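Following: one structure in structure tokens, then a few remarks.
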Amino acid sequence: MKKSIISGISSLLMILTVCGASEVSAQALPNSQQRVIHPNWAPKTWQLRSNDITTIMGYRAELDGNLTHAERSTPKLVKDAAVYGFINDNDIMTWEVESPSEGQYAIALLYCGSSEVLSECTVEITSGTTTIKEETHPPTWDWKPFFQRHHLKKNLVLKAGINKITLRLVDVPELQISAAKKALKGEKRNPNFDNSFGLWSIELVRTEALPEIEARVKSTKADISWMKEGKYGLFVHFSSLGYAFNGNTRLGSQYHEMVDAFDVDAFVKAVVETGASWVIFTCGHGDQHWPGPNNTIDQLKPGFTCERDLIRELIDGLKKHDIRFMLYYNPNSGMDDLYGNVYGDGDTPDPSGYFKFLESLFREVSLRYGEDLASTAGYVDDSGFFLYQYDAPWEALSKAVKAGNPNAPVGWSQNILPRLSPFCDFTVTDGNYSETTIYPDSFFEKNGQYEGLNPVIWIYMDGWINNRPYNGTFKKDPHYSAEEYIEIFKKFDKANIPITINLTSTSDITAEHPFFNPVCMDIMKQVRKAIKGY
């Protein structure tokens with residue numbers, strides 16, 4: 001007993017010495033060593049791919065000193081993914097990677113922090129004999145992305161085989177120390193980020209592979225001029241989480257009945273009245289019910305698909321009015337119910353089976369509808385929170401989306417992050433009623449935060465989904481007046497930026513009652529006249 005106490009005291013003294021007891025309170029002691037980490041999130045040796053970008057999350061590093069991250073005691077993926085607590089030079093992250101050959105690697109870091117803090121910080125990356133020091137970049141924008149991508153100017157030289165890569169802040173400024181201490185005490189300004197420097201991920205790619213990747217991206221880029229010409233579209237959440245106009249039952253429990261009762265003619269008529277040139281329609285949200293036949297889902301979970309091919313009927317109905325149809329998909333909603341343990345069985349996470357399912361799903365849908373479907377994956381939600389953390393095979397997934405329609409635009413939702421992958425065609429992020437930022441051209445140019453993407457805006461008028469029963473009345477009003485919405489649409493029309501607006505809909509689409517708020521419909525008719533002239 002005495003021996004264990006003495007050993008514990010000795011360990012504590014060592015920790016205090018490493019962390020700098022004069023600077024760090026007991027409350028900010030090495031949280032990374034105090035936390036219970038599930039094996040799925042433990043550090044491991046990462047295999048670097050020779051012809052692709054390899055993404056490694058910060059929380060998969062060995063953390064020394066004060067560094068910590070959100071609780072990861074279960075196999076569940078969490079959105080709060082940043083590593084924080086950088087207080088002194090001994091707060092170090094270490095990844096172990098295996099390079100297929102000796103060579104130079106371009107490095108990019110994804111991190112957050114306030115402009116004041118990042119204007120004073122210097123990050124250091126070291127591996128073998130290579131050390132890179134660069135000042136962090138203060139954000140020059142007010143809205144998303146909250147995490148930025150920083151391409152390091154110098155390449156990292158890695159030997160063939162096993163390498164260790166370390167990251168730390170050097171000469172840590174007082175502003176960062178103060179902000180990091182607040183974050184360690186739980187005083188973060190947002191569950192996903194705070195004012196202090198927080199490391200989301202590191203990306204590595206062989207410099208020799210970059211021209212090859214750029215060529216492959218260029219050959220698959222979609223032409224979205226039809227969206228620019230069409231000016232605006234409509235987002236509709238036919239979601240399992242939604243409610244019917246009457247009653248208090250969610251769509252999920254009566255999904256097949258609602259699909260069978262869906263009045264395509266009434267829906268098309270309403271869309272035409274809004275003047276929308278395209279529709280984004282939810283599939284796979286809340287759970288994995290699918291509004292049509294789908295062999296990929298049937299093989300895993302019979303009963304989740306529908307005999308009626310609502311997707312085909314909506315494509316054909318809208319096509320009569322030159323309105324294009326795209327699908328929304330959420331790879332994080334209800335996946336445990338459909339796919340089981342998407343994180344991998346046992347101690348080693350292996351999402352490859354899940355990615356094969358997703359690739360098969362996208363390919364089947366794309367081939368089923370061909371060029372009649374503008375995109376199988378116009379808006380893939382939670383991609384930044386979910387797919388990115390698993391180092392998703394973006395190129396393979398993108399090819400699957402374009403299997404039946406080579407010009408299908410792919411939209412991986414980056415949300416609070418910068419562009420997730422070069423194999424993406426436009427910006428996708430949850431907006432709200434008022435965030436209507438027009439970014440400078442530099443954002444979409446080489447090394448910009450949305451490099452290679454087409455700017456597209458996503459907002460809602462009265463919400464995304466109504467999460468409580470309607471009981472015969474629409475509960476939410478449009479956030480702005482018709483005049484204000486007209487000015488918003490004119491603003492983006494002038495900038496040649498397509499805008500997609502969401503109107504909350506009931507889960508029972510029928511001519512017997514309104515399924516969009518009549519007030520919203522009246523505003524959209526006025527927008528149509530102002531923007532399209534009819």
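Ligands are numbered from 1 in the order shown, chains are lettered A, B, ... in the order of the structure tokens, and residues start at 1 in each chain.
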Shell around Thr126 (chain A) at 10 Å using only C-alpha atoms, local window under 2 positions removed, as a PyMOL selection string: chain A and resi 94+124+128-133+156-157+164-168
Mind running region 195-310 of chain A against region 462-485 of chain A at 12 Å and telling me each contacting residue's nearest atom pair with the distance in Å (one decimal), counting only C-alpha atoms, chain and number ascending, as a tab-separated table?
residue	atom	partner	partner_atom	distance
A:Leu234	CA	A:Trp464	CA	11.6
A:Phe235	CA	A:Trp464	CA	8.7
A:Val236	CA	A:Trp464	CA	8.2
A:His237	CA	A:Ile465	CA	6.5
A:Phe238	CA	A:Ile465	CA	8.7
A:Ser239	CA	A:Ile465	CA	7.8
A:Ser240	CA	A:Ile465	CA	10.0
A:Leu241	CA	A:Asn467	CA	6.9
A:Gly242	CA	A:Asn466	CA	6.0
A:Tyr243	CA	A:Pro469	CA	5.7
A:Ala244	CA	A:Tyr470	CA	7.1
A:Phe245	CA	A:Gly472	CA	5.4
A:Asn246	CA	A:Asn471	CA	4.7
A:Gly247	CA	A:Asn471	CA	5.9
A:Asn248	CA	A:Pro469	CA	5.1
A:Thr249	CA	A:Pro469	CA	7.6
A:Arg250	CA	A:Pro469	CA	8.2
A:Leu251	CA	A:Pro469	CA	10.9
A:Thr282	CA	A:Ile465	CA	11.0
A:His285	CA	A:Ile465	CA	10.8
A:Gly286	CA	A:Ile465	CA	11.0
Considering only alpha helix (DSSP H) as DSSP defines it on the backbone, what residues of region 225-356 of chain A qualify? List them as a PyMOL selection string. chain A and resi 225-230+255-261+264-274+295-300+310-319+335-339+352-356
Could the residues in this selection be saved with C-alpha atoms as a PDB file, in the first residue's frame?
ATOM      1  CA  SER A 225     -23.818  26.263 -64.846  1.00  0.00           C
ATOM      2  CA  TRP A 226     -27.424  25.036 -64.893  1.00  0.00           C
ATOM      3  CA  MET A 227     -27.682  25.932 -61.202  1.00  0.00           C
ATOM      4  CA  LYS A 228     -26.294  29.396 -61.826  1.00  0.00           C
ATOM      5  CA  GLU A 229     -28.716  29.888 -64.694  1.00  0.00           C
ATOM      6  CA  GLY A 230     -31.592  28.561 -62.591  1.00  0.00           C
ATOM      7  CA  TYR A 255     -43.040   5.853 -43.510  1.00  0.00           C
ATOM      8  CA  HIS A 256     -44.460   3.358 -45.993  1.00  0.00           C
ATOM      9  CA  GLU A 257     -47.965   4.760 -45.609  1.00  0.00           C
ATOM     10  CA  MET A 258     -46.752   8.312 -46.159  1.00  0.00           C
ATOM     11  CA  VAL A 259     -44.791   7.293 -49.256  1.00  0.00           C
ATOM     12  CA  ASP A 260     -47.827   5.500 -50.677  1.00  0.00           C
ATOM     13  CA  ALA A 261     -50.033   8.541 -49.972  1.00  0.00           C
ATOM     14  CA  VAL A 264     -46.704  13.883 -56.546  1.00  0.00           C
ATOM     15  CA  ASP A 265     -48.926  16.176 -58.618  1.00  0.00           C
ATOM     16  CA  ALA A 266     -49.710  18.413 -55.626  1.00  0.00           C
ATOM     17  CA  PHE A 267     -46.026  18.547 -54.695  1.00  0.00           C
ATOM     18  CA  VAL A 268     -44.904  19.413 -58.233  1.00  0.00           C
ATOM     19  CA  LYS A 269     -47.570  22.117 -58.457  1.00  0.00           C
ATOM     20  CA  ALA A 270     -46.297  23.715 -55.225  1.00  0.00           C
ATOM     21  CA  VAL A 271     -42.662  23.578 -56.372  1.00  0.00           C
ATOM     22  CA  VAL A 272     -43.583  25.225 -59.675  1.00  0.00           C
ATOM     23  CA  GLU A 273     -45.310  28.021 -57.765  1.00  0.00           C
ATOM     24  CA  THR A 274     -42.097  28.765 -55.835  1.00  0.00           C
ATOM     25  CA  ASN A 295     -31.176  -3.598 -53.122  1.00  0.00           C
ATOM     26  CA  THR A 296     -28.195  -2.308 -51.126  1.00  0.00           C
ATOM     27  CA  ILE A 297     -30.383  -1.440 -48.147  1.00  0.00           C
ATOM     28  CA  ASP A 298     -32.566  -4.539 -48.545  1.00  0.00           C
ATOM     29  CA  GLN A 299     -29.532  -6.789 -48.191  1.00  0.00           C
ATOM     30  CA  LEU A 300     -28.821  -5.295 -44.781  1.00  0.00           C
ATOM     31  CA  LEU A 310     -41.266   7.874 -55.270  1.00  0.00           C
ATOM     32  CA  ILE A 311     -37.897   9.130 -56.453  1.00  0.00           C
ATOM     33  CA  ARG A 312     -38.640   8.163 -60.070  1.00  0.00           C
ATOM     34  CA  GLU A 313     -42.117   9.700 -59.932  1.00  0.00           C
ATOM     35  CA  LEU A 314     -40.759  12.967 -58.541  1.00  0.00           C
ATOM     36  CA  ILE A 315     -38.007  13.072 -61.164  1.00  0.00           C
ATOM     37  CA  ASP A 316     -40.542  12.581 -63.953  1.00  0.00           C
ATOM     38  CA  GLY A 317     -43.098  14.992 -62.505  1.00  0.00           C
ATOM     39  CA  LEU A 318     -40.617  17.814 -62.032  1.00  0.00           C
ATOM     40  CA  LYS A 319     -38.886  17.156 -65.339  1.00  0.00           C
ATOM     41  CA  MET A 335     -26.725   3.831 -39.165  1.00  0.00           C
ATOM     42  CA  ASP A 336     -26.466   1.617 -36.083  1.00  0.00           C
ATOM     43  CA  ASP A 337     -30.026   0.496 -36.710  1.00  0.00           C
ATOM     44  CA  LEU A 338     -29.356  -0.224 -40.376  1.00  0.00           C
ATOM     45  CA  TYR A 339     -25.732  -1.264 -40.499  1.00  0.00           C
ATOM     46  CA  SER A 352     -14.227  -0.134 -44.597  1.00  0.00           C
ATOM     47  CA  GLY A 353     -17.400  -2.248 -44.566  1.00  0.00           C
ATOM     48  CA  TYR A 354     -19.505   0.824 -44.019  1.00  0.00           C
ATOM     49  CA  PHE A 355     -17.742   2.699 -46.818  1.00  0.00           C
ATOM     50  CA  LYS A 356     -18.379  -0.255 -49.143  1.00  0.00           C
TER      51      LYS A 356
END
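Within region 134-204 of chain A, DSSP run on the backbone puts these residues in strand (DSSP E): Glu134, Glu135, Gln148, Arg149, His150, His151, Leu156, Val157, Leu158, Gly161, Ile162, Asn163, Lys164, Ile165, Thr166, Leu167, Arg168, Leu169, Gly198, Leu199, Trp200, Ser201, Ile202, Glu203 and Leu204 of chain A.
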Would you pick out the contacts of Leu387 (chain A) at 12 Å or less, using only C-alpha atoms, so that residues sharing its chain but fewer than 6 positions from it are not included, and give the list as a list in words? Thr55, Met57, Leu77, Val78, Lys79, Asn330, Pro331, Asn332, Val342, Tyr343, Pro351, Ser352, Tyr354, Phe355, Leu358, Val380, Asp381, Pro393, Trp394, Leu397, Trp412, Ser413, Gln414, Leu420 and Ser421 of chain A
